[in-house]
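Structure first, commentary second.
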Amino acid sequence: MTLKALFAASATAALLLALPANAGQLTIGFSQIGSESGWRAAETSVSKQEAAKRKVNLKIADAQQKQENQIKAIRSFIAQNVDAIFLAPVVSTGWDSVLKEAKEAKIPVVLLDRDIDPSGKELYLTAVTSDSVHEGEVAGDWLAKTVGAKACNIVELQGTVGASVATNRKKGFDTAIAKHANLKVVRSQTGDFTRAKGKEVMESFIKAEGGGKSICAVYAHNDDMMVGAIQAMKEAGLKPGKDVLTVSIDAVPDIFKAMVAGEANATVELTPNMAGPALDVVAAFKDKGTVPPKWIQTESKLYTAADDPQKIYDSKKGLGY
Amino acid sequence: MTALLPRRGLAQILALIVILAVDRVVSPQFFDLRLQDGRLFGSVIDVLNRGTPVALLSLGMVLVIATRGIDLSVGAVMAIAGAIAASLADSHGLPVVLAAALGAGLVCGLWNGFLVAVLGMQPIVATLILMVAGRGIAQLITEGRIVTFSSPDLVWLGNGAVLGLPVPVAIALCMLILTGVVVRGSALGLLIEATGGNARASELAGVGTRAMILAVYVWCGVCAALAGVIAAADIMGADANNAGLWLELDAILAVVIGGTSLFGGRFSLVLAVLGALIIQTMNTGILLSGYPPEFNLLVKAVVVLAVLLLQSPKLTGFAGIVARLRRTKA
């Protein structure tokens, strides 16, 4: 083979590679944070499902919790000239220069799950996130409605001190129950979002509140702490779900298992489906040039034992939570 | 008995009594006990039960520190052992589960010991490797999820009772006695201290310092694995992201509160476990007090500082001088 033929062959090959596999099919690059939690794994698998449903070619880059990896991934997506970039930012600052590069290349960027700091607002198309204050409100409203007029002492398991999600979920819940004088948070401690700490803190709440007799409800900033708290209540001879109402946030599969057993009452979903709305926005933007609002809030759906928890458990358990 | 509990334990016992008294003040029902499903139930039992993982870690850690070493990997080893136990629990019997989890701890200990004793690496760097990699290994085993199980045998290890005592507490007690008998019932303890005091001199005197160092890291790994199995059994699941997170620091703190010098050369098992109990008594007290969680770390730091000041030779020496001056004046 001559050198010339080799050149020609490789040029054709390069051309073929550069062409999209299917004309009209969107190619989207997704810079995912990494596997920091079960929820994150579920978000990745739901994103793949949603992309497949819409016949979008989704390229996922795992950043292993490092911003420099995310920046590298975005640069490589720009070089590949993708149609859009999804970014789940690991931190909120330091994105200006790489987002400017994307803007210059006319590639729209959609933020998933987390927002970035205000200085970069014009650098992305929209952000699809949940409102964690609203999640707390949904939990508080459910409790107020369920308890009715009777007096209710609530104990609260907070997330990690200083985490914005914990602060917001507390704020939302406090706002919701402030309207009801019969609801009172009597104890509030951090359970660091983990099962082990949730259990340990609940054990101490039970002892501090006279064996748990005066506790009417538990509010946990995430389901994992609630799973631990449920164990603590059972070991203390209490009946969670009956003697003590439970409401938590996230809607991970194991809380539905507890609901099936009658040991948990309600959970507010932090949906792992952030990519679905984002894909719709990008499709509308590409086809008709529709500019979406700067913030798309995902639904914070409430699930109770009335929602067939077994079915939800079965549908969620394969997602990698 | 004098070998197990030397007279220098006075400061620690005093500290424990003071913290217990403070707990009684912030929570009047602190010493209440009742029987719940055949298991003693009360805050004191919580202290013992929740203090078990750190107490087990400190049993291994104190021997490592006695050889002038340190093991930063114990938290990660806990995560690995918990992940292995949880993954096997529903398909295998308890002996297999325990053998696999403790075996993993033994291998981790051998690795650390090999790096330190054979390759001569600095212990802090050598064990840092496993501290970082170990959590990753645990996450690979669990695939980043919380692996739950329902095997009643393994659950019993975390939530069962022996003569009213929670099983983890009984296990920790047995491990303390076993370790005590092995290292203090023979010359082993002395040889470990000699290795830490002056490795070169001990070597020349015929002590197998390499074997000593290897042995203490292996024991530390086994203790950490046992703590990991208990932590997993407690929540009926293995949480590779959080199991044992930062507990290596609590274990080192327990050893230091127990009066063991980081420069090696001497150690006390009982006081290290007492150190773990002091930490947990304080933690439980904070949880019972009802103060906002923002204060947790601050309170902890102040108490630790106070306990360590109690033991400071300079400060106790200073107090002695002041007392003598007063006496001469009077």
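Ordering of the structure tokens sets the chain letters (A, B, ...); residue numbers start at 1 within each chain; ligands are numbered from 1 in the order shown.
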>> If the cut-off is 9 Å, can you tell me the residues of chain B near chain A, counting only C-alpha atoms? I'd like them as a PyMOL selection string.
In response: chain B and resi 27-30+36-37+41-43+46+50+143-146+148+159+231-232+234-235+237+239+241-243+284-285+287-294
>> Could you go through region 71-180 of chain B and tell me which residues DSSP, when run on the backbone, assigns to strand (DSSP E), listing them as number ranges by chain?
In response: B: 146-148, 161-162, 165-166
>> Please list as a VMD selection string every residue within 12 Å of Gly160 (chain B), counting only C-alpha atoms and excluding residues in the same chain fewer than 5 positions away.
In response: (chain A and resid 235) or (chain B and resid 36 to 40 49 152 to 155 165 to 171 230 233 to 234)
> Which neighbours of Leu249 (chain B) fall inside 9 Å, counting only C-alpha atoms, when residues of the same chain fewer than 4 positions from it are skipped, and could you give them as a ChimeraX atom specification?
Replying inline: /B:72,75,253-254
Go ahead and write the selection's residues with N, CA and C atoms as a short mmCIF file (atom, residue, chain, number, x, y, z; two decimals), in the first residue's frame.
```
data_model
loop_
_atom_site.label_atom_id
_atom_site.label_comp_id
_atom_site.auth_asym_id
_atom_site.auth_seq_id
_atom_site.Cartn_x
_atom_site.Cartn_y
_atom_site.Cartn_z
N LEU B 72 -3.35 4.04 59.94
CA LEU B 72 -4.43 4.92 59.49
C LEU B 72 -5.50 4.17 58.72
N GLY B 75 -10.14 2.33 59.56
CA GLY B 75 -11.50 2.69 59.14
C GLY B 75 -11.83 2.03 57.81
N LEU B 253 -7.00 8.64 69.10
CA LEU B 253 -7.32 9.50 70.23
C LEU B 253 -7.57 8.67 71.49
N ALA B 254 -8.28 7.55 71.33
CA ALA B 254 -8.55 6.68 72.48
C ALA B 254 -7.24 6.20 73.09
#
```
> If we count only C-alpha atoms, what is near region 79-93 of chain A at a cut-off of 6 Å, once residues fewer than 4 positions away on the same chain are taken out, given as a PyMOL selection string?
Replying inline: chain A and resi 27-33+107-112+116-117
> With distances taken over only C-alpha atoms, which of B:Ser58, B:Thr127, B:Ser261, B:Ser202 is nearest to Ile70 (chain B)?
Replying inline: B:Thr127
Test item, alpha helix (DSSP H) assignment across region 113-289 of chain B, answer as a short mmCIF file (atom, residue, chain, number, x, y, z; two decimals) with N, CA and C atoms, in the first residue's frame:
```cif
data_model
loop_
_atom_site.label_atom_id
_atom_site.label_comp_id
_atom_site.auth_asym_id
_atom_site.auth_seq_id
_atom_site.Cartn_x
_atom_site.Cartn_y
_atom_site.Cartn_z
N GLY B 113 1.89 -4.55 57.50
CA GLY B 113 3.08 -5.02 58.21
C GLY B 113 4.24 -5.25 57.26
N PRO B 123 5.42 4.19 58.84
CA PRO B 123 4.08 3.65 59.08
C PRO B 123 2.95 4.57 58.61
N ILE B 124 3.09 5.88 58.83
CA ILE B 124 2.00 6.80 58.50
C ILE B 124 1.75 6.80 56.99
N VAL B 125 2.82 6.68 56.20
CA VAL B 125 2.67 6.67 54.74
C VAL B 125 2.19 5.30 54.27
N ALA B 126 2.80 4.25 54.86
CA ALA B 126 2.47 2.90 54.43
C ALA B 126 0.99 2.61 54.64
N THR B 127 0.43 3.03 55.79
CA THR B 127 -0.97 2.71 56.07
C THR B 127 -1.92 3.69 55.40
N LEU B 128 -1.38 4.87 55.03
CA LEU B 128 -2.19 5.84 54.29
C LEU B 128 -2.63 5.24 52.94
N ILE B 129 -1.75 4.40 52.37
CA ILE B 129 -2.06 3.77 51.08
C ILE B 129 -3.34 2.96 51.19
N LEU B 130 -3.41 2.12 52.24
CA LEU B 130 -4.60 1.27 52.39
C LEU B 130 -5.80 2.08 52.85
N MET B 131 -5.55 3.18 53.57
CA MET B 131 -6.65 4.03 54.01
C MET B 131 -7.41 4.55 52.78
N VAL B 132 -6.65 4.96 51.76
CA VAL B 132 -7.27 5.50 50.55
C VAL B 132 -7.83 4.37 49.68
N ALA B 133 -6.97 3.36 49.43
CA ALA B 133 -7.37 2.29 48.52
C ALA B 133 -8.47 1.42 49.12
N GLY B 134 -8.41 1.22 50.43
CA GLY B 134 -9.34 0.29 51.10
C GLY B 134 -10.79 0.69 50.92
N ARG B 135 -11.06 1.99 51.05
CA ARG B 135 -12.45 2.44 50.89
C ARG B 135 -12.91 2.19 49.45
N GLY B 136 -11.98 2.38 48.51
CA GLY B 136 -12.30 2.09 47.11
C GLY B 136 -12.61 0.62 46.91
N ILE B 137 -11.81 -0.25 47.57
CA ILE B 137 -12.05 -1.69 47.45
C ILE B 137 -13.43 -2.03 48.00
N ALA B 138 -13.76 -1.43 49.15
CA ALA B 138 -15.07 -1.69 49.76
C ALA B 138 -16.19 -1.24 48.83
N GLN B 139 -15.98 -0.08 48.18
CA GLN B 139 -17.01 0.42 47.26
C GLN B 139 -17.15 -0.49 46.04
N LEU B 140 -16.02 -1.08 45.62
CA LEU B 140 -16.09 -2.02 44.49
C LEU B 140 -16.91 -3.25 44.89
N ILE B 141 -16.71 -3.72 46.14
CA ILE B 141 -17.44 -4.91 46.61
C ILE B 141 -18.94 -4.63 46.66
N THR B 142 -19.31 -3.44 47.16
CA THR B 142 -20.74 -3.14 47.30
C THR B 142 -21.30 -2.47 46.05
N PRO B 152 -30.33 -13.93 60.17
CA PRO B 152 -30.52 -13.71 61.61
C PRO B 152 -29.23 -13.90 62.42
N ASP B 153 -28.33 -14.79 61.94
CA ASP B 153 -27.08 -15.04 62.67
C ASP B 153 -26.23 -13.77 62.74
N LEU B 154 -26.06 -13.13 61.58
CA LEU B 154 -25.22 -11.94 61.54
C LEU B 154 -25.90 -10.78 62.26
N VAL B 155 -27.23 -10.68 62.12
CA VAL B 155 -27.96 -9.62 62.81
C VAL B 155 -27.78 -9.77 64.32
N TRP B 156 -27.76 -11.04 64.81
CA TRP B 156 -27.59 -11.30 66.24
C TRP B 156 -26.27 -10.71 66.74
N LEU B 157 -25.21 -10.80 65.90
CA LEU B 157 -23.90 -10.26 66.28
C LEU B 157 -24.00 -8.77 66.60
N GLY B 158 -24.91 -8.07 65.93
CA GLY B 158 -25.03 -6.64 66.17
C GLY B 158 -26.09 -6.29 67.19
N ASN B 159 -27.19 -7.05 67.20
CA ASN B 159 -28.34 -6.65 68.02
C ASN B 159 -28.75 -7.65 69.07
N VAL B 167 -24.42 -8.16 72.38
CA VAL B 167 -23.36 -9.05 71.89
C VAL B 167 -22.06 -8.28 71.56
N PRO B 168 -22.14 -7.10 70.89
CA PRO B 168 -20.88 -6.40 70.59
C PRO B 168 -20.06 -6.12 71.84
N VAL B 169 -20.74 -5.75 72.94
CA VAL B 169 -20.02 -5.45 74.18
C VAL B 169 -19.33 -6.71 74.70
N ALA B 170 -20.05 -7.84 74.65
CA ALA B 170 -19.47 -9.11 75.11
C ALA B 170 -18.26 -9.47 74.25
N ILE B 171 -18.37 -9.24 72.93
CA ILE B 171 -17.25 -9.55 72.03
C ILE B 171 -16.03 -8.69 72.39
N ALA B 172 -16.28 -7.38 72.60
CA ALA B 172 -15.17 -6.48 72.90
C ALA B 172 -14.49 -6.90 74.20
N LEU B 173 -15.29 -7.30 75.19
CA LEU B 173 -14.75 -7.73 76.48
C LEU B 173 -13.87 -8.97 76.29
N CYS B 174 -14.37 -9.94 75.50
CA CYS B 174 -13.60 -11.15 75.24
C CYS B 174 -12.29 -10.81 74.54
N MET B 175 -12.35 -9.88 73.57
CA MET B 175 -11.15 -9.51 72.82
C MET B 175 -10.14 -8.83 73.74
N LEU B 176 -10.63 -8.02 74.67
CA LEU B 176 -9.74 -7.34 75.62
C LEU B 176 -9.03 -8.38 76.48
N ILE B 177 -9.81 -9.35 76.99
CA ILE B 177 -9.20 -10.38 77.84
C ILE B 177 -8.21 -11.21 77.05
N LEU B 178 -8.63 -11.62 75.83
CA LEU B 178 -7.75 -12.44 74.98
C LEU B 178 -6.44 -11.71 74.70
N THR B 179 -6.56 -10.45 74.25
CA THR B 179 -5.35 -9.69 73.92
C THR B 179 -4.49 -9.52 75.17
N GLY B 180 -5.14 -9.24 76.29
CA GLY B 180 -4.42 -9.03 77.55
C GLY B 180 -3.65 -10.28 77.95
N VAL B 181 -4.31 -11.43 77.88
CA VAL B 181 -3.67 -12.68 78.28
C VAL B 181 -2.48 -12.98 77.37
N VAL B 182 -2.68 -12.76 76.05
CA VAL B 182 -1.61 -13.09 75.11
C VAL B 182 -0.39 -12.17 75.30
N VAL B 183 -0.61 -10.86 75.37
CA VAL B 183 0.56 -9.97 75.40
C VAL B 183 1.13 -9.76 76.82
N ARG B 184 0.26 -9.84 77.84
CA ARG B 184 0.77 -9.62 79.19
C ARG B 184 1.01 -10.92 79.95
N LEU B 188 5.52 -11.34 75.36
CA LEU B 188 5.22 -10.67 74.10
C LEU B 188 5.07 -9.15 74.27
N GLY B 189 4.33 -8.74 75.29
CA GLY B 189 4.11 -7.32 75.54
C GLY B 189 5.43 -6.59 75.73
N LEU B 190 6.29 -7.21 76.49
CA LEU B 190 7.60 -6.61 76.77
C LEU B 190 8.41 -6.47 75.48
N LEU B 191 8.35 -7.51 74.63
CA LEU B 191 9.11 -7.48 73.38
C LEU B 191 8.55 -6.39 72.46
N ILE B 192 7.21 -6.22 72.47
CA ILE B 192 6.60 -5.17 71.65
C ILE B 192 7.08 -3.80 72.14
N GLU B 193 7.08 -3.62 73.45
CA GLU B 193 7.54 -2.35 74.02
C GLU B 193 9.01 -2.12 73.71
N ALA B 194 9.80 -3.19 73.76
CA ALA B 194 11.23 -3.06 73.47
C ALA B 194 11.43 -2.62 72.02
N THR B 195 10.64 -3.20 71.11
CA THR B 195 10.73 -2.83 69.70
C THR B 195 10.44 -1.34 69.52
N GLY B 196 9.41 -0.86 70.23
CA GLY B 196 9.04 0.55 70.10
C GLY B 196 10.06 1.46 70.77
N GLY B 197 10.60 1.01 71.89
CA GLY B 197 11.54 1.84 72.64
C GLY B 197 12.82 2.06 71.87
N ALA B 199 14.35 0.00 68.47
CA ALA B 199 14.30 -1.16 67.58
C ALA B 199 15.69 -1.74 67.35
N ARG B 200 16.68 -0.86 67.16
CA ARG B 200 18.04 -1.30 66.84
C ARG B 200 18.63 -2.10 68.01
N ALA B 201 18.51 -1.51 69.21
CA ALA B 201 19.05 -2.16 70.40
C ALA B 201 18.36 -3.50 70.64
N SER B 202 17.04 -3.52 70.44
CA SER B 202 16.28 -4.75 70.65
C SER B 202 16.73 -5.83 69.68
N GLU B 203 16.94 -5.39 68.44
CA GLU B 203 17.38 -6.32 67.39
C GLU B 203 18.70 -6.97 67.80
N LEU B 204 19.63 -6.12 68.26
CA LEU B 204 20.94 -6.61 68.67
C LEU B 204 20.83 -7.53 69.89
N THR B 209 12.41 -8.09 65.89
CA THR B 209 11.59 -6.88 65.77
C THR B 209 10.68 -6.93 64.54
N ARG B 210 11.18 -7.50 63.43
CA ARG B 210 10.35 -7.58 62.22
C ARG B 210 9.10 -8.39 62.48
N ALA B 211 9.27 -9.52 63.14
CA ALA B 211 8.12 -10.39 63.43
C ALA B 211 7.15 -9.66 64.35
N MET B 212 7.71 -8.92 65.33
CA MET B 212 6.86 -8.17 66.26
C MET B 212 6.00 -7.17 65.50
N ILE B 213 6.66 -6.39 64.63
CA ILE B 213 5.95 -5.35 63.89
C ILE B 213 4.88 -5.96 62.99
N LEU B 214 5.27 -7.03 62.28
CA LEU B 214 4.32 -7.71 61.41
C LEU B 214 3.11 -8.18 62.23
N ALA B 215 3.38 -8.76 63.40
CA ALA B 215 2.31 -9.33 64.21
C ALA B 215 1.33 -8.25 64.69
N VAL B 216 1.84 -7.10 65.13
CA VAL B 216 0.92 -6.08 65.66
C VAL B 216 0.03 -5.51 64.55
N TYR B 217 0.58 -5.36 63.33
CA TYR B 217 -0.27 -4.84 62.24
C TYR B 217 -1.33 -5.87 61.86
N VAL B 218 -0.97 -7.15 61.88
CA VAL B 218 -1.95 -8.20 61.57
C VAL B 218 -3.06 -8.18 62.61
N TRP B 219 -2.70 -8.08 63.89
CA TRP B 219 -3.70 -8.06 64.95
C TRP B 219 -4.61 -6.83 64.80
N CYS B 220 -3.98 -5.71 64.45
CA CYS B 220 -4.74 -4.47 64.27
C CYS B 220 -5.75 -4.65 63.13
N GLY B 221 -5.33 -5.32 62.05
CA GLY B 221 -6.23 -5.57 60.92
C GLY B 221 -7.39 -6.47 61.33
N VAL B 222 -7.10 -7.51 62.13
CA VAL B 222 -8.15 -8.44 62.56
C VAL B 222 -9.16 -7.71 63.46
N CYS B 223 -8.64 -6.91 64.40
CA CYS B 223 -9.53 -6.15 65.29
C CYS B 223 -10.42 -5.21 64.47
N ALA B 224 -9.84 -4.54 63.47
CA ALA B 224 -10.60 -3.60 62.65
C ALA B 224 -11.67 -4.34 61.87
N ALA B 225 -11.33 -5.54 61.36
CA ALA B 225 -12.31 -6.33 60.60
C ALA B 225 -13.48 -6.72 61.49
N LEU B 226 -13.16 -7.11 62.73
CA LEU B 226 -14.22 -7.49 63.67
C LEU B 226 -15.13 -6.28 63.94
N ALA B 227 -14.52 -5.12 64.13
CA ALA B 227 -15.30 -3.90 64.34
C ALA B 227 -16.19 -3.63 63.12
N GLY B 228 -15.66 -3.88 61.93
CA GLY B 228 -16.42 -3.65 60.70
C GLY B 228 -17.62 -4.59 60.60
N VAL B 229 -17.41 -5.85 60.97
CA VAL B 229 -18.52 -6.83 60.92
C VAL B 229 -19.61 -6.39 61.90
N ILE B 230 -19.20 -5.95 63.10
CA ILE B 230 -20.19 -5.53 64.11
C ILE B 230 -20.94 -4.28 63.63
N ALA B 231 -20.21 -3.34 63.02
CA ALA B 231 -20.86 -2.12 62.53
C ALA B 231 -21.89 -2.45 61.44
N ALA B 232 -21.55 -3.41 60.57
CA ALA B 232 -22.48 -3.80 59.50
C ALA B 232 -23.68 -4.54 60.10
N ALA B 233 -23.41 -5.43 61.07
CA ALA B 233 -24.49 -6.20 61.69
C ALA B 233 -25.46 -5.26 62.40
N ASP B 234 -24.92 -4.18 62.96
CA ASP B 234 -25.74 -3.24 63.72
C ASP B 234 -26.81 -2.59 62.85
N ILE B 235 -26.46 -2.17 61.63
CA ILE B 235 -27.45 -1.51 60.78
C ILE B 235 -27.99 -2.46 59.71
N LEU B 247 -12.90 6.90 61.84
CA LEU B 247 -12.76 6.22 63.13
C LEU B 247 -11.30 5.94 63.47
N GLU B 248 -10.40 5.92 62.44
CA GLU B 248 -8.98 5.73 62.75
C GLU B 248 -8.50 6.84 63.68
N LEU B 249 -9.06 8.04 63.49
CA LEU B 249 -8.64 9.16 64.33
C LEU B 249 -9.18 9.00 65.75
N ASP B 250 -10.43 8.52 65.87
CA ASP B 250 -10.99 8.26 67.19
C ASP B 250 -10.17 7.18 67.91
N ALA B 251 -9.74 6.16 67.15
CA ALA B 251 -8.97 5.08 67.77
C ALA B 251 -7.63 5.60 68.27
N ILE B 252 -6.97 6.43 67.46
CA ILE B 252 -5.69 7.00 67.89
C ILE B 252 -5.91 7.87 69.13
N LEU B 253 -7.00 8.64 69.10
CA LEU B 253 -7.32 9.50 70.23
C LEU B 253 -7.57 8.67 71.49
N ALA B 254 -8.28 7.55 71.33
CA ALA B 254 -8.55 6.68 72.48
C ALA B 254 -7.24 6.20 73.09
N VAL B 255 -6.31 5.79 72.22
CA VAL B 255 -5.01 5.30 72.70
C VAL B 255 -4.26 6.41 73.44
N VAL B 256 -4.31 7.61 72.87
CA VAL B 256 -3.57 8.74 73.47
C VAL B 256 -4.21 9.14 74.80
N ILE B 257 -5.56 9.19 74.82
CA ILE B 257 -6.25 9.49 76.08
C ILE B 257 -5.88 8.44 77.12
N LEU B 269 -3.49 -1.73 77.53
CA LEU B 269 -4.70 -2.13 76.80
C LEU B 269 -5.95 -1.59 77.48
N VAL B 270 -6.02 -1.78 78.81
CA VAL B 270 -7.22 -1.40 79.54
C VAL B 270 -7.46 0.10 79.41
N LEU B 271 -6.38 0.88 79.53
CA LEU B 271 -6.56 2.32 79.47
C LEU B 271 -6.95 2.78 78.06
N ALA B 272 -6.48 2.07 77.03
CA ALA B 272 -6.89 2.42 75.66
C ALA B 272 -8.39 2.21 75.50
N VAL B 273 -8.89 1.09 76.02
CA VAL B 273 -10.33 0.82 75.95
C VAL B 273 -11.09 1.85 76.79
N LEU B 274 -10.50 2.21 77.94
CA LEU B 274 -11.11 3.24 78.78
C LEU B 274 -11.17 4.56 78.00
N GLY B 275 -10.13 4.83 77.22
CA GLY B 275 -10.11 6.03 76.37
C GLY B 275 -11.27 6.02 75.39
N ALA B 276 -11.51 4.85 74.79
CA ALA B 276 -12.62 4.73 73.84
C ALA B 276 -13.95 4.99 74.55
N LEU B 277 -14.06 4.50 75.79
CA LEU B 277 -15.30 4.72 76.55
C LEU B 277 -15.47 6.19 76.92
N ILE B 278 -14.36 6.86 77.24
CA ILE B 278 -14.43 8.28 77.56
C ILE B 278 -14.97 9.04 76.36
N ILE B 279 -14.45 8.73 75.16
CA ILE B 279 -14.92 9.41 73.95
C ILE B 279 -16.41 9.16 73.75
N GLN B 280 -16.85 7.91 73.93
CA GLN B 280 -18.25 7.60 73.67
C GLN B 280 -19.17 8.17 74.74
N THR B 281 -18.71 8.19 76.00
CA THR B 281 -19.52 8.78 77.08
C THR B 281 -19.80 10.23 76.75
N MET B 282 -18.76 10.90 76.23
CA MET B 282 -18.92 12.30 75.84
C MET B 282 -19.89 12.42 74.65
N ASN B 283 -19.71 11.56 73.63
CA ASN B 283 -20.60 11.62 72.45
C ASN B 283 -22.05 11.40 72.85
N THR B 284 -22.30 10.38 73.65
CA THR B 284 -23.68 10.09 74.05
C THR B 284 -24.25 11.25 74.87
N GLY B 285 -23.42 11.81 75.74
CA GLY B 285 -23.85 12.96 76.54
C GLY B 285 -24.26 14.13 75.66
N ILE B 286 -23.47 14.37 74.60
CA ILE B 286 -23.79 15.47 73.68
C ILE B 286 -25.15 15.21 73.02
N LEU B 287 -25.36 13.96 72.59
CA LEU B 287 -26.63 13.63 71.92
C LEU B 287 -27.81 13.78 72.87
N LEU B 288 -27.60 13.42 74.15
CA LEU B 288 -28.70 13.49 75.12
C LEU B 288 -28.99 14.92 75.56
N SER B 289 -27.97 15.78 75.47
CA SER B 289 -28.09 17.12 76.05
C SER B 289 -29.13 17.98 75.33
#
```
>> Applying 10 Å and only C-alpha atoms, which residues near region 178-180 of chain A remain after dropping the ones on its own chain fewer than 3 positions away? List them as a PyMOL selection string.
In response: chain A and resi 140-141+144-145+148-149+151+172-175+183-184
>> Report as an MDAnalysis selection string all protein, DNA and RNA residues lying within 9 Å of Trp142 (chain A), evaluated on only C-alpha atoms, omitting residues in the same chain fewer than 6 positions from it.
In response: chainID A and resid 247 266 302
Same residues, N, CA and C atoms, output as an mmCIF file, in the first residue's frame:
```cif
data_model
loop_
_atom_site.group_PDB
_atom_site.id
_atom_site.type_symbol
_atom_site.label_atom_id
_atom_site.label_comp_id
_atom_site.auth_asym_id
_atom_site.auth_seq_id
_atom_site.Cartn_x
_atom_site.Cartn_y
_atom_site.Cartn_z
ATOM 1 N N VAL A 247 -41.543 10.462 58.617
ATOM 2 C CA VAL A 247 -41.509 11.098 57.299
ATOM 3 C C VAL A 247 -40.066 11.487 56.998
ATOM 4 N N ALA A 266 -44.153 7.896 55.318
ATOM 5 C CA ALA A 266 -44.110 8.752 54.136
ATOM 6 C C ALA A 266 -42.682 9.111 53.761
ATOM 7 N N LEU A 302 -44.726 13.120 46.917
ATOM 8 C CA LEU A 302 -44.880 12.463 48.209
ATOM 9 C C LEU A 302 -45.388 11.035 48.010
#
```
>> Just to confirm, what's the straight-line distance from CA of Leu319 (chain A) to CA of Glu50 (chain A) in Å (one decimal)?
In response: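 According to the coordinates, CA of Leu319 (chain A) and CA of Glu50 (chain A) are separated by 12.6 Å.
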> In Å, with one decimal, what is the gap from CA of Lys316 (chain A) to CA of Val252 (chain A)?
Replying inline: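 Pair CA of Lys316 (chain A) / CA of Val252 (chain A) returns 7.6 Å.
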